[in-house]
Structure formats: C-alpha cells, structure tokens
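Participant: Can you keep this structure in mind? I'll have questions shortly.
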Amino acid sequence: MRQEYELIEHGIIADFRVFIVNMKYRGPHMHSDFEICIVLDGEVTVSSDDVTGTFHAGSFYIINPYCMHELKAAESAVLLSIQIKKNFCTGYYPGINELGFEFCEGNKYMDAGENAGFIRKAVTLSKHYFLCDKGFEFICTGLLNELMYVMINRLPYVIYSQDEKKRLQGKYRRVQKITEYINGHYTEKILLGDIAAAEGLTLTYLSHFFNNAFHMSFQQYVAILRCEKARQILLLTDHNLLDISMEAGFSDVKYLNKEFIRQYGCHPREYRKKAVLQDIPEQKQTFLTAQKVYGSGEALAMLDKMYPEIKVCGDIGGG
C-alpha cells in the first residue's frame, strides 16, 4: 500500500494527467484533484466517504478533491483515470473551487447517446494524451472542458460554503500528516494516542476525526495497511508466516491469519498458492502488486483495440 495521501504529479500537461490501471485493490486514500474514472473492463467496488457503489465496464464515476476513497475488484478491473487539478479553470470558472459532484454512477444521469458521447470524448482525449501528437495539448484541454461542461449540466453536485471548503482543506492536511506517521511506524506498536500527542490533539477528538475521515477505526486502517505489506512480502519472498507477521507489524501469526482472511477472504498460504498458479504475465503482475499502471504505448494500444472507431492521428475533425 502506497502512502495514502496521494501526491499527484502532472507531467505531460500541467493541469491534468491521464493513465490506465489494471487493479485488484487500492487502499483508502485521498488527493487534491478531481478524478474522472471510466471502467474499461471488469467490475470495481468503490467506497467514497460514506457511500459505496459497484461499477461495471462502460460506467463512470467522479471523485472529488479531499475525498477519501477505496477500490476493490473481485478479479481485476481496468480503469481509465483523468485526474484534474481543482483550480485548472479558475480563470474563467472560479466556482470550480466550491463545487463537489455527487458520488454516483454518472451513466444514470444521461441517456444512451449522451453517455456514449461522454465516453467518446474521454477516450479521444486519452488517445491524444498517450500519443502526444502535434498540438495534442490544445485538443486535450478542449476535450477536458467539454467533459466538465457535460458534468456540470448532467451530474448532481453541491456548492460548498467558504467554511466548508476550509474544513475540507484542513481535513486534507491532517489526513496527510496522519498517513505519513502511520506509514513510518506501522511495523512498530502504534497507538492513536501517539499521533494525538504528536499533533497536539486530544485522543477523543482524533478518534472522532479518524473515523469521520477514513470511515473506519484507526485499528482497522492499520490492520489493512499491515495486511497489504504482508501480502507483498508473501508474494515477493519465501519467508515463513512468522517472519512475515513480524516484518508487517503483526504481533503474531494468529493475528496475521485473522486479518488476512478478513481482508482477502483466504488464508495467507492459500493466497500464495493462487499467485503461483497465475500463468498469464499481466494477470500475475496485477495479482502481485494489486495494481499495474500501463505505459503510454500499452495504454494507447489498449484503447485502439477497445475503441478502434475513434481515430486521432491526422483526424482534425475527430472527437
């Protein structure tokens, strides 16, 4: 499990980035960007704050800035993600800073033609982004604005007050500090009181804050993190369960087994055996790492295979 505050780097274009990921699990995390997620293949269950939804191929959802979310796939799911800086359009649409979309299946608020058009725009944007053809920055930015136009006019959203916006930003900064502390100390005996003392907060206040922000208890979150670390060690080494439990921060093998079964639905030894049986390289890598982010060439080839009718190279009138 990576640091659960996600620092997004926008490299190719300053205001947003596009990627395709094949994933089984992504632990609770938040970031300061809007995120448009389109399910290209498979099925994924997403928990966003206090709402959980299951999304199938062809559907999409929006994640708001500073919103804690977690993703799980029974087998694996392929997602197209467009992560957008929340202030990318403040020069001509300042209201974006106070806007938050409802977490829902976006398709339900569009007819079949509108939904197909939305997906087409997102895929066209992504193909240009991965191809980096001449002037792609212009068409990508234009298509992003078209996507936002559709979202503003079709999807339900709320307008945050200044006080609510400040509260969300404060929550975001505190979550960052908490997750950094946990990631640095999960192999040790770690208590919420240690973090409260480090932050100058009462244990009662921080306990309420943690449950409200992460939608789980502190103990549950630490157990999930340790399970993910144990899963990686289990698959990357031949260490026995006693060594794995110590390396991942569990007090004993019994506790590791209990939490591992709760998180992954099977005993650690059974999970290791399943991984060995994976004979397709791509599936094996996804099983091993819980997620694989495709390079630009792979991502473009995938979109070309899935959406061959969407042409971008030399198609000035496309999109």
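Labeling convention for the structure tokens: chains A, B, ... as they appear, residues from 1 per chain, ligands from 1 in order of appearance.
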Near His128 (chain A), within 8 Å and counting only C-alpha atoms, which residues show up once chain neighbours fewer than 5 positions away are dropped, as a PDB file with C-alpha atoms, in the first residue's frame?
Facilitator:
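Dumped everything to out.pdb:
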ATOM      1  CA  ASP A 133       0.728  14.161 -31.411  1.00  0.00           C
ATOM      2  CA  PHE A 136      -2.233  17.485 -28.523  1.00  0.00           C
ATOM      3  CA  ILE A 139      -7.305  19.217 -28.125  1.00  0.00           C
ATOM      4  CA  CYS A 140      -6.812  17.519 -24.734  1.00  0.00           C
ATOM      5  CA  VAL A 312      -6.919  10.556 -33.598  1.00  0.00           C
TER       6      VAL A 312
END
Participant: Region 33-45 of chain A: which residues within 7 Å, counting only C-alpha atoms, same-chain residues fewer than 4 positions away excluded, as a PDB file with all heavy atoms, in the first residue's frame?
Facilitator:
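Final output, saved to out-v2.pdb:
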ATOM      1  N   GLY A  53     -20.379   2.059  -4.085  1.00  0.00           N
ATOM      2  CA  GLY A  53     -21.034   1.712  -5.337  1.00  0.00           C
ATOM      3  C   GLY A  53     -20.216   0.707  -6.124  1.00  0.00           C
ATOM      4  O   GLY A  53     -18.990   0.660  -5.989  1.00  0.00           O
ATOM      5  N   THR A  54     -20.883  -0.120  -6.924  1.00  0.00           N
ATOM      6  CA  THR A  54     -20.207  -1.077  -7.796  1.00  0.00           C
ATOM      7  C   THR A  54     -20.391  -0.636  -9.241  1.00  0.00           C
ATOM      8  O   THR A  54     -21.513  -0.354  -9.674  1.00  0.00           O
ATOM      9  CB  THR A  54     -20.759  -2.498  -7.592  1.00  0.00           C
ATOM     10  OG1 THR A  54     -20.523  -2.894  -6.234  1.00  0.00           O
ATOM     11  CG2 THR A  54     -20.067  -3.486  -8.519  1.00  0.00           C
ATOM     12  N   PHE A  55     -19.283  -0.577  -9.980  1.00  0.00           N
ATOM     13  CA  PHE A  55     -19.291  -0.036 -11.333  1.00  0.00           C
ATOM     14  C   PHE A  55     -18.791  -1.091 -12.317  1.00  0.00           C
ATOM     15  O   PHE A  55     -17.812  -1.787 -12.060  1.00  0.00           O
ATOM     16  CB  PHE A  55     -18.416   1.217 -11.398  1.00  0.00           C
ATOM     17  CG  PHE A  55     -18.836   2.287 -10.424  1.00  0.00           C
ATOM     18  CD1 PHE A  55     -18.306   2.298  -9.133  1.00  0.00           C
ATOM     19  CD2 PHE A  55     -19.766   3.247 -10.770  1.00  0.00           C
ATOM     20  CE1 PHE A  55     -18.696   3.264  -8.210  1.00  0.00           C
ATOM     21  CE2 PHE A  55     -20.172   4.214  -9.864  1.00  0.00           C
ATOM     22  CZ  PHE A  55     -19.635   4.224  -8.576  1.00  0.00           C
ATOM     23  N   HIS A  56     -19.474  -1.185 -13.450  1.00  0.00           N
ATOM     24  CA  HIS A  56     -19.178  -2.184 -14.466  1.00  0.00           C
ATOM     25  C   HIS A  56     -18.563  -1.505 -15.695  1.00  0.00           C
ATOM     26  O   HIS A  56     -18.566  -0.278 -15.817  1.00  0.00           O
ATOM     27  CB  HIS A  56     -20.452  -2.929 -14.862  1.00  0.00           C
ATOM     28  CG  HIS A  56     -21.214  -3.466 -13.697  1.00  0.00           C
ATOM     29  ND1 HIS A  56     -20.996  -4.732 -13.185  1.00  0.00           N
ATOM     30  CD2 HIS A  56     -22.192  -2.920 -12.930  1.00  0.00           C
ATOM     31  CE1 HIS A  56     -21.789  -4.939 -12.164  1.00  0.00           C
ATOM     32  NE2 HIS A  56     -22.537  -3.858 -11.979  1.00  0.00           N
ATOM     33  N   ALA A  57     -18.058  -2.322 -16.610  1.00  0.00           N
ATOM     34  CA  ALA A  57     -17.462  -1.808 -17.847  1.00  0.00           C
ATOM     35  C   ALA A  57     -18.448  -0.890 -18.571  1.00  0.00           C
ATOM     36  O   ALA A  57     -19.616  -1.227 -18.732  1.00  0.00           O
ATOM     37  CB  ALA A  57     -17.054  -2.960 -18.751  1.00  0.00           C
ATOM     38  N   GLY A  58     -17.955   0.282 -18.965  1.00  0.00           N
ATOM     39  CA  GLY A  58     -18.798   1.257 -19.652  1.00  0.00           C
ATOM     40  C   GLY A  58     -19.404   2.300 -18.738  1.00  0.00           C
ATOM     41  O   GLY A  58     -20.006   3.264 -19.219  1.00  0.00           O
ATOM     42  N   SER A  59     -19.252   2.132 -17.425  1.00  0.00           N
ATOM     43  CA  SER A  59     -19.786   3.121 -16.483  1.00  0.00           C
ATOM     44  C   SER A  59     -18.655   4.009 -15.961  1.00  0.00           C
ATOM     45  O   SER A  59     -17.475   3.688 -16.111  1.00  0.00           O
ATOM     46  CB  SER A  59     -20.503   2.429 -15.324  1.00  0.00           C
ATOM     47  OG  SER A  59     -19.609   1.627 -14.576  1.00  0.00           O
ATOM     48  N   PHE A  60     -19.031   5.124 -15.345  1.00  0.00           N
ATOM     49  CA  PHE A  60     -18.014   6.025 -14.811  1.00  0.00           C
ATOM     50  C   PHE A  60     -18.515   6.690 -13.535  1.00  0.00           C
ATOM     51  O   PHE A  60     -19.707   6.717 -13.242  1.00  0.00           O
ATOM     52  CB  PHE A  60     -17.615   7.081 -15.847  1.00  0.00           C
ATOM     53  CG  PHE A  60     -18.660   8.151 -16.081  1.00  0.00           C
ATOM     54  CD1 PHE A  60     -18.629   9.342 -15.369  1.00  0.00           C
ATOM     55  CD2 PHE A  60     -19.665   7.976 -17.018  1.00  0.00           C
ATOM     56  CE1 PHE A  60     -19.586  10.337 -15.579  1.00  0.00           C
ATOM     57  CE2 PHE A  60     -20.631   8.951 -17.237  1.00  0.00           C
ATOM     58  CZ  PHE A  60     -20.587  10.135 -16.519  1.00  0.00           C
ATOM     59  N   TYR A  61     -17.556   7.224 -12.773  1.00  0.00           N
ATOM     60  CA  TYR A  61     -17.877   7.957 -11.543  1.00  0.00           C
ATOM     61  C   TYR A  61     -16.851   9.069 -11.360  1.00  0.00           C
ATOM     62  O   TYR A  61     -15.791   9.076 -12.008  1.00  0.00           O
ATOM     63  CB  TYR A  61     -17.883   7.012 -10.332  1.00  0.00           C
ATOM     64  CG  TYR A  61     -16.569   6.295 -10.093  1.00  0.00           C
ATOM     65  CD1 TYR A  61     -15.566   6.848  -9.290  1.00  0.00           C
ATOM     66  CD2 TYR A  61     -16.329   5.042 -10.669  1.00  0.00           C
ATOM     67  CE1 TYR A  61     -14.370   6.184  -9.073  1.00  0.00           C
ATOM     68  CE2 TYR A  61     -15.133   4.379 -10.461  1.00  0.00           C
ATOM     69  CZ  TYR A  61     -14.155   4.951  -9.660  1.00  0.00           C
ATOM     70  OH  TYR A  61     -12.968   4.291  -9.459  1.00  0.00           O
ATOM     71  N   ILE A  62     -17.183  10.013 -10.476  1.00  0.00           N
ATOM     72  CA  ILE A  62     -16.311  11.156 -10.213  1.00  0.00           C
ATOM     73  C   ILE A  62     -15.894  11.129  -8.746  1.00  0.00           C
ATOM     74  O   ILE A  62     -16.722  10.934  -7.849  1.00  0.00           O
ATOM     75  CB  ILE A  62     -17.033  12.492 -10.497  1.00  0.00           C
ATOM     76  CG1 ILE A  62     -17.726  12.469 -11.867  1.00  0.00           C
ATOM     77  CG2 ILE A  62     -16.047  13.659 -10.382  1.00  0.00           C
ATOM     78  CD1 ILE A  62     -16.811  12.301 -13.045  1.00  0.00           C
ATOM     79  N   ILE A  63     -14.609  11.342  -8.493  1.00  0.00           N
ATOM     80  CA  ILE A  63     -14.089  11.508  -7.132  1.00  0.00           C
ATOM     81  C   ILE A  63     -13.736  12.979  -6.939  1.00  0.00           C
ATOM     82  O   ILE A  63     -13.046  13.578  -7.774  1.00  0.00           O
ATOM     83  CB  ILE A  63     -12.842  10.638  -6.895  1.00  0.00           C
ATOM     84  CG1 ILE A  63     -13.185   9.151  -7.026  1.00  0.00           C
ATOM     85  CG2 ILE A  63     -12.238  10.931  -5.519  1.00  0.00           C
ATOM     86  CD1 ILE A  63     -14.123   8.621  -5.969  1.00  0.00           C
ATOM     87  N   ASN A  64     -14.203  13.562  -5.840  1.00  0.00           N
ATOM     88  CA  ASN A  64     -13.923  14.969  -5.546  1.00  0.00           C
ATOM     89  C   ASN A  64     -12.576  15.153  -4.842  1.00  0.00           C
ATOM     90  O   ASN A  64     -12.070  14.216  -4.214  1.00  0.00           O
ATOM     91  CB  ASN A  64     -15.025  15.547  -4.646  1.00  0.00           C
ATOM     92  CG  ASN A  64     -16.339  15.695  -5.368  1.00  0.00           C
ATOM     93  OD1 ASN A  64     -16.392  16.206  -6.481  1.00  0.00           O
ATOM     94  ND2 ASN A  64     -17.416  15.245  -4.733  1.00  0.00           N
ATOM     95  N   PRO A  65     -12.005  16.350  -4.919  1.00  0.00           N
ATOM     96  CA  PRO A  65     -10.808  16.641  -4.135  1.00  0.00           C
ATOM     97  C   PRO A  65     -11.069  16.427  -2.648  1.00  0.00           C
ATOM     98  O   PRO A  65     -12.175  16.667  -2.159  1.00  0.00           O
ATOM     99  CB  PRO A  65     -10.545  18.128  -4.434  1.00  0.00           C
ATOM    100  CG  PRO A  65     -11.213  18.379  -5.747  1.00  0.00           C
ATOM    101  CD  PRO A  65     -12.417  17.496  -5.748  1.00  0.00           C
ATOM    102  N   LEU A  71     -10.786   1.248  -3.423  1.00  0.00           N
ATOM    103  CA  LEU A  71     -11.241   0.472  -4.567  1.00  0.00           C
ATOM    104  C   LEU A  71     -10.913  -1.005  -4.381  1.00  0.00           C
ATOM    105  O   LEU A  71      -9.804  -1.350  -3.948  1.00  0.00           O
ATOM    106  CB  LEU A  71     -10.581   0.952  -5.864  1.00  0.00           C
ATOM    107  CG  LEU A  71     -10.835   2.394  -6.324  1.00  0.00           C
ATOM    108  CD1 LEU A  71      -9.878   3.362  -5.658  1.00  0.00           C
ATOM    109  CD2 LEU A  71     -10.703   2.510  -7.834  1.00  0.00           C
ATOM    110  N   LYS A  72     -11.869  -1.868  -4.730  1.00  0.00           N
ATOM    111  CA  LYS A  72     -11.671  -3.313  -4.666  1.00  0.00           C
ATOM    112  C   LYS A  72     -12.262  -3.962  -5.903  1.00  0.00           C
ATOM    113  O   LYS A  72     -13.326  -3.557  -6.365  1.00  0.00           O
ATOM    114  CB  LYS A  72     -12.348  -3.914  -3.429  1.00  0.00           C
ATOM    115  CG  LYS A  72     -11.777  -3.483  -2.099  1.00  0.00           C
ATOM    116  CD  LYS A  72     -12.518  -4.155  -0.952  1.00  0.00           C
ATOM    117  CE  LYS A  72     -11.961  -3.740   0.395  1.00  0.00           C
ATOM    118  NZ  LYS A  72     -12.682  -4.396   1.523  1.00  0.00           N
ATOM    119  N   ALA A  73     -11.555  -4.972  -6.432  1.00  0.00           N
ATOM    120  CA  ALA A  73     -12.074  -5.756  -7.556  1.00  0.00           C
ATOM    121  C   ALA A  73     -11.966  -7.232  -7.206  1.00  0.00           C
ATOM    122  O   ALA A  73     -10.921  -7.675  -6.705  1.00  0.00           O
ATOM    123  CB  ALA A  73     -11.304  -5.453  -8.835  1.00  0.00           C
ATOM    124  N   SER A  76     -10.062  -8.533 -11.336  1.00  0.00           N
ATOM    125  CA  SER A  76      -9.288  -7.328 -11.622  1.00  0.00           C
ATOM    126  C   SER A  76     -10.160  -6.432 -12.485  1.00  0.00           C
ATOM    127  O   SER A  76     -11.074  -6.896 -13.158  1.00  0.00           O
ATOM    128  CB  SER A  76      -7.966  -7.639 -12.336  1.00  0.00           C
ATOM    129  OG  SER A  76      -8.198  -8.183 -13.608  1.00  0.00           O
ATOM    130  N   ALA A  77      -9.879  -5.148 -12.434  1.00  0.00           N
ATOM    131  CA  ALA A  77     -10.638  -4.184 -13.228  1.00  0.00           C
ATOM    132  C   ALA A  77      -9.656  -3.253 -13.921  1.00  0.00           C
ATOM    133  O   ALA A  77      -8.596  -2.926 -13.368  1.00  0.00           O
ATOM    134  CB  ALA A  77     -11.590  -3.383 -12.334  1.00  0.00           C
ATOM    135  N   VAL A  78     -10.002  -2.844 -15.127  1.00  0.00           N
ATOM    136  CA  VAL A  78      -9.170  -1.897 -15.879  1.00  0.00           C
ATOM    137  C   VAL A  78      -9.889  -0.551 -15.884  1.00  0.00           C
ATOM    138  O   VAL A  78     -11.032  -0.452 -16.341  1.00  0.00           O
ATOM    139  CB  VAL A  78      -8.929  -2.382 -17.318  1.00  0.00           C
ATOM    140  CG1 VAL A  78      -8.055  -1.378 -18.072  1.00  0.00           C
ATOM    141  CG2 VAL A  78      -8.262  -3.762 -17.309  1.00  0.00           C
ATOM    142  N   LEU A  79      -9.216   0.473 -15.366  1.00  0.00           N
ATOM    143  CA  LEU A  79      -9.821   1.789 -15.228  1.00  0.00           C
ATOM    144  C   LEU A  79      -9.036   2.829 -16.014  1.00  0.00           C
ATOM    145  O   LEU A  79      -7.801   2.821 -16.022  1.00  0.00           O
ATOM    146  CB  LEU A  79      -9.835   2.224 -13.753  1.00  0.00           C
ATOM    147  CG  LEU A  79     -10.456   1.277 -12.729  1.00  0.00           C
ATOM    148  CD1 LEU A  79     -10.341   1.859 -11.327  1.00  0.00           C
ATOM    149  CD2 LEU A  79     -11.902   0.986 -13.063  1.00  0.00           C
ATOM    150  N   LEU A  80      -9.774   3.713 -16.670  1.00  0.00           N
ATOM    151  CA  LEU A  80      -9.192   4.893 -17.302  1.00  0.00           C
ATOM    152  C   LEU A  80      -9.424   6.063 -16.357  1.00  0.00           C
ATOM    153  O   LEU A  80     -10.565   6.363 -15.998  1.00  0.00           O
ATOM    154  CB  LEU A  80      -9.861   5.166 -18.651  1.00  0.00           C
ATOM    155  CG  LEU A  80      -9.540   6.509 -19.331  1.00  0.00           C
ATOM    156  CD1 LEU A  80      -8.063   6.625 -19.642  1.00  0.00           C
ATOM    157  CD2 LEU A  80     -10.381   6.683 -20.594  1.00  0.00           C
ATOM    158  N   SER A  81      -8.351   6.710 -15.929  1.00  0.00           N
ATOM    159  CA  SER A  81      -8.460   7.785 -14.951  1.00  0.00           C
ATOM    160  C   SER A  81      -7.948   9.099 -15.531  1.00  0.00           C
ATOM    161  O   SER A  81      -6.871   9.138 -16.136  1.00  0.00           O
ATOM    162  CB  SER A  81      -7.651   7.437 -13.696  1.00  0.00           C
ATOM    163  OG  SER A  81      -7.627   8.521 -12.792  1.00  0.00           O
ATOM    164  N   ILE A  82      -8.743  10.149 -15.342  1.00  0.00           N
ATOM    165  CA  ILE A  82      -8.325  11.508 -15.699  1.00  0.00           C
ATOM    166  C   ILE A  82      -8.344  12.324 -14.411  1.00  0.00           C
ATOM    167  O   ILE A  82      -9.409  12.587 -13.850  1.00  0.00           O
ATOM    168  CB  ILE A  82      -9.264  12.134 -16.744  1.00  0.00           C
ATOM    169  CG1 ILE A  82      -9.354  11.251 -17.987  1.00  0.00           C
ATOM    170  CG2 ILE A  82      -8.787  13.544 -17.122  1.00  0.00           C
ATOM    171  CD1 ILE A  82     -10.388  11.715 -19.012  1.00  0.00           C
ATOM    172  N   GLN A  83      -7.175  12.674 -13.914  1.00  0.00           N
ATOM    173  CA  GLN A  83      -7.055  13.426 -12.665  1.00  0.00           C
ATOM    174  C   GLN A  83      -6.777  14.891 -12.996  1.00  0.00           C
ATOM    175  O   GLN A  83      -5.841  15.201 -13.731  1.00  0.00           O
ATOM    176  CB  GLN A  83      -5.948  12.840 -11.790  1.00  0.00           C
ATOM    177  CG  GLN A  83      -6.297  11.437 -11.290  1.00  0.00           C
ATOM    178  CD  GLN A  83      -5.189  10.800 -10.466  1.00  0.00           C
ATOM    179  OE1 GLN A  83      -4.016  11.027 -10.709  1.00  0.00           O
ATOM    180  NE2 GLN A  83      -5.567   9.983  -9.486  1.00  0.00           N
ATOM    181  N   ILE A  84      -7.597  15.772 -12.424  1.00  0.00           N
ATOM    182  CA  ILE A  84      -7.629  17.172 -12.843  1.00  0.00           C
ATOM    183  C   ILE A  84      -7.424  18.091 -11.646  1.00  0.00           C
ATOM    184  O   ILE A  84      -8.127  17.969 -10.639  1.00  0.00           O
ATOM    185  CB  ILE A  84      -8.997  17.508 -13.483  1.00  0.00           C
ATOM    186  CG1 ILE A  84      -9.394  16.452 -14.512  1.00  0.00           C
ATOM    187  CG2 ILE A  84      -8.990  18.894 -14.089  1.00  0.00           C
ATOM    188  CD1 ILE A  84     -10.887  16.283 -14.664  1.00  0.00           C
ATOM    189  N   LYS A  85      -6.475  19.010 -11.743  1.00  0.00           N
ATOM    190  CA  LYS A  85      -6.293  19.985 -10.675  1.00  0.00           C
ATOM    191  C   LYS A  85      -7.587  20.767 -10.470  1.00  0.00           C
ATOM    192  O   LYS A  85      -8.203  21.225 -11.440  1.00  0.00           O
ATOM    193  CB  LYS A  85      -5.160  20.959 -11.022  1.00  0.00           C
ATOM    194  CG  LYS A  85      -3.768  20.386 -10.865  1.00  0.00           C
ATOM    195  CD  LYS A  85      -2.713  21.456 -11.079  1.00  0.00           C
ATOM    196  CE  LYS A  85      -1.316  20.913 -10.878  1.00  0.00           C
ATOM    197  NZ  LYS A  85      -0.278  21.950 -11.098  1.00  0.00           N
ATOM    198  N   LYS A  86      -7.986  20.938  -9.227  1.00  0.00           N
ATOM    199  CA  LYS A  86      -9.284  21.556  -8.957  1.00  0.00           C
ATOM    200  C   LYS A  86      -9.324  23.027  -9.373  1.00  0.00           C
ATOM    201  O   LYS A  86     -10.405  23.590  -9.537  1.00  0.00           O
ATOM    202  CB  LYS A  86      -9.650  21.421  -7.472  1.00  0.00           C
ATOM    203  CG  LYS A  86      -8.761  22.176  -6.518  1.00  0.00           C
ATOM    204  CD  LYS A  86      -9.178  21.900  -5.080  1.00  0.00           C
ATOM    205  CE  LYS A  86      -8.312  22.665  -4.094  1.00  0.00           C
ATOM    206  NZ  LYS A  86      -8.479  24.113  -4.193  1.00  0.00           N
TER     207      LYS A  86
END
Participant: Of the residues A:Cys89, A:Leu242, A:Leu234, A:Leu168, which is the one nearest to Ala213 (chain A), using only C-alpha atoms?
Facilitator: A:Leu168
Participant: Region 223-274 of chain A near region 176-194 of chain A within 9 Å: what's each residue's closest atom pair and its distance in Å to one decimal, counting only C-alpha atoms, ordered by chain then ascending residue number, as CSV?
Facilitator:
residue,atom,partner,partner_atom,distance
A:Leu225,CA,A:Tyr186,CA,7.8
A:Arg226,CA,A:Tyr186,CA,7.0
A:Met246,CA,A:Thr187,CA,7.5
A:Glu247,CA,A:Thr187,CA,6.6
A:Ala248,CA,A:Thr187,CA,5.7
A:Gly249,CA,A:Thr187,CA,3.8
A:Phe250,CA,A:Thr187,CA,7.5
A:Ser251,CA,A:Lys189,CA,8.5
Participant: Would you return as a PDB file with N, CA, C and O atoms, in the first residue's frame the members of region 91-125 of chain A that DSSP assigns to alpha helix (DSSP H) on this structure's backbone?
Facilitator:
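After the write, result-v6.pdb holds the following:
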ATOM      1  N   ALA A 112     -28.548   7.113 -23.421  1.00  0.00           N
ATOM      2  CA  ALA A 112     -27.519   6.281 -24.049  1.00  0.00           C
ATOM      3  C   ALA A 112     -26.607   7.086 -24.967  1.00  0.00           C
ATOM      4  O   ALA A 112     -25.380   6.904 -24.969  1.00  0.00           O
ATOM      5  N   GLY A 113     -27.190   8.012 -25.721  1.00  0.00           N
ATOM      6  CA  GLY A 113     -26.391   8.827 -26.637  1.00  0.00           C
ATOM      7  C   GLY A 113     -25.449   9.761 -25.906  1.00  0.00           C
ATOM      8  O   GLY A 113     -24.290   9.927 -26.296  1.00  0.00           O
ATOM      9  N   GLU A 114     -25.944  10.395 -24.836  1.00  0.00           N
ATOM     10  CA  GLU A 114     -25.106  11.302 -24.050  1.00  0.00           C
ATOM     11  C   GLU A 114     -23.956  10.542 -23.388  1.00  0.00           C
ATOM     12  O   GLU A 114     -22.821  11.018 -23.363  1.00  0.00           O
ATOM     13  N   ASN A 115     -24.273   9.371 -22.858  1.00  0.00           N
ATOM     14  CA  ASN A 115     -23.228   8.588 -22.200  1.00  0.00           C
ATOM     15  C   ASN A 115     -22.158   8.149 -23.200  1.00  0.00           C
ATOM     16  O   ASN A 115     -20.955   8.240 -22.926  1.00  0.00           O
ATOM     17  N   ALA A 116     -22.596   7.683 -24.380  1.00  0.00           N
ATOM     18  CA  ALA A 116     -21.640   7.273 -25.413  1.00  0.00           C
ATOM     19  C   ALA A 116     -20.772   8.449 -25.835  1.00  0.00           C
ATOM     20  O   ALA A 116     -19.560   8.301 -26.053  1.00  0.00           O
ATOM     21  N   GLY A 117     -21.373   9.644 -25.924  1.00  0.00           N
ATOM     22  CA  GLY A 117     -20.621  10.841 -26.295  1.00  0.00           C
ATOM     23  C   GLY A 117     -19.601  11.208 -25.233  1.00  0.00           C
ATOM     24  O   GLY A 117     -18.471  11.614 -25.544  1.00  0.00           O
ATOM     25  N   PHE A 118     -19.987  11.071 -23.961  1.00  0.00           N
ATOM     26  CA  PHE A 118     -19.075  11.382 -22.858  1.00  0.00           C
ATOM     27  C   PHE A 118     -17.880  10.436 -22.882  1.00  0.00           C
ATOM     28  O   PHE A 118     -16.718  10.879 -22.783  1.00  0.00           O
ATOM     29  N   ILE A 119     -18.144   9.138 -23.027  1.00  0.00           N
ATOM     30  CA  ILE A 119     -17.060   8.152 -23.073  1.00  0.00           C
ATOM     31  C   ILE A 119     -16.166   8.414 -24.283  1.00  0.00           C
ATOM     32  O   ILE A 119     -14.932   8.338 -24.196  1.00  0.00           O
ATOM     33  N   ARG A 120     -16.786   8.749 -25.429  1.00  0.00           N
ATOM     34  CA  ARG A 120     -16.011   9.018 -26.636  1.00  0.00           C
ATOM     35  C   ARG A 120     -15.064  10.198 -26.441  1.00  0.00           C
ATOM     36  O   ARG A 120     -13.898  10.144 -26.836  1.00  0.00           O
ATOM     37  N   LYS A 121     -15.546  11.255 -25.817  1.00  0.00           N
ATOM     38  CA  LYS A 121     -14.691  12.422 -25.563  1.00  0.00           C
ATOM     39  C   LYS A 121     -13.525  12.050 -24.649  1.00  0.00           C
ATOM     40  O   LYS A 121     -12.380  12.455 -24.886  1.00  0.00           O
ATOM     41  N   ALA A 122     -13.810  11.268 -23.597  1.00  0.00           N
ATOM     42  CA  ALA A 122     -12.764  10.879 -22.649  1.00  0.00           C
ATOM     43  C   ALA A 122     -11.718   9.997 -23.317  1.00  0.00           C
ATOM     44  O   ALA A 122     -10.505  10.163 -23.094  1.00  0.00           O
ATOM     45  N   VAL A 123     -12.165   9.063 -24.161  1.00  0.00           N
ATOM     46  CA  VAL A 123     -11.233   8.173 -24.857  1.00  0.00           C
ATOM     47  C   VAL A 123     -10.427   8.950 -25.888  1.00  0.00           C
ATOM     48  O   VAL A 123      -9.210   8.743 -26.038  1.00  0.00           O
ATOM     49  N   THR A 124     -11.074   9.862 -26.622  1.00  0.00           N
ATOM     50  CA  THR A 124     -10.355  10.688 -27.610  1.00  0.00           C
ATOM     51  C   THR A 124      -9.289  11.528 -26.925  1.00  0.00           C
ATOM     52  O   THR A 124      -8.135  11.603 -27.388  1.00  0.00           O
ATOM     53  N   LEU A 125      -9.652  12.163 -25.819  1.00  0.00           N
ATOM     54  CA  LEU A 125      -8.679  12.932 -25.026  1.00  0.00           C
ATOM     55  C   LEU A 125      -7.501  12.037 -24.641  1.00  0.00           C
ATOM     56  O   LEU A 125      -6.331  12.418 -24.797  1.00  0.00           O
TER      57      LEU A 125
END
Participant: Check the smallest atom-to-atom distance from each of A:Arg262, A:Arg272, A:His31, A:His208 to His239 (chain A) using only C-alpha atoms, then report the winner.
Facilitator: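 Result for the nearest residue to His239 (chain A): A:Arg272.
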Participant: Which residue is closest to Arg17 (chain A)? Choose from A:Ala275, A:Leu206, A:Leu144, A:Cys104 and count only C-alpha atoms.
Facilitator: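 Selected residue with least distance to Arg17 (chain A): A:Leu144.
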Participant: Could you check the closest approach to Arg174 (chain A) for each of A:Asp243, A:Glu298, A:Asp304, A:Glu199 and tell me which residue wins, using only C-alpha atoms?
Facilitator: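 Of A:Asp243, A:Glu298, A:Asp304, A:Glu199, the one nearest Arg174 (chain A) is A:Glu199, counting only C-alpha atoms.
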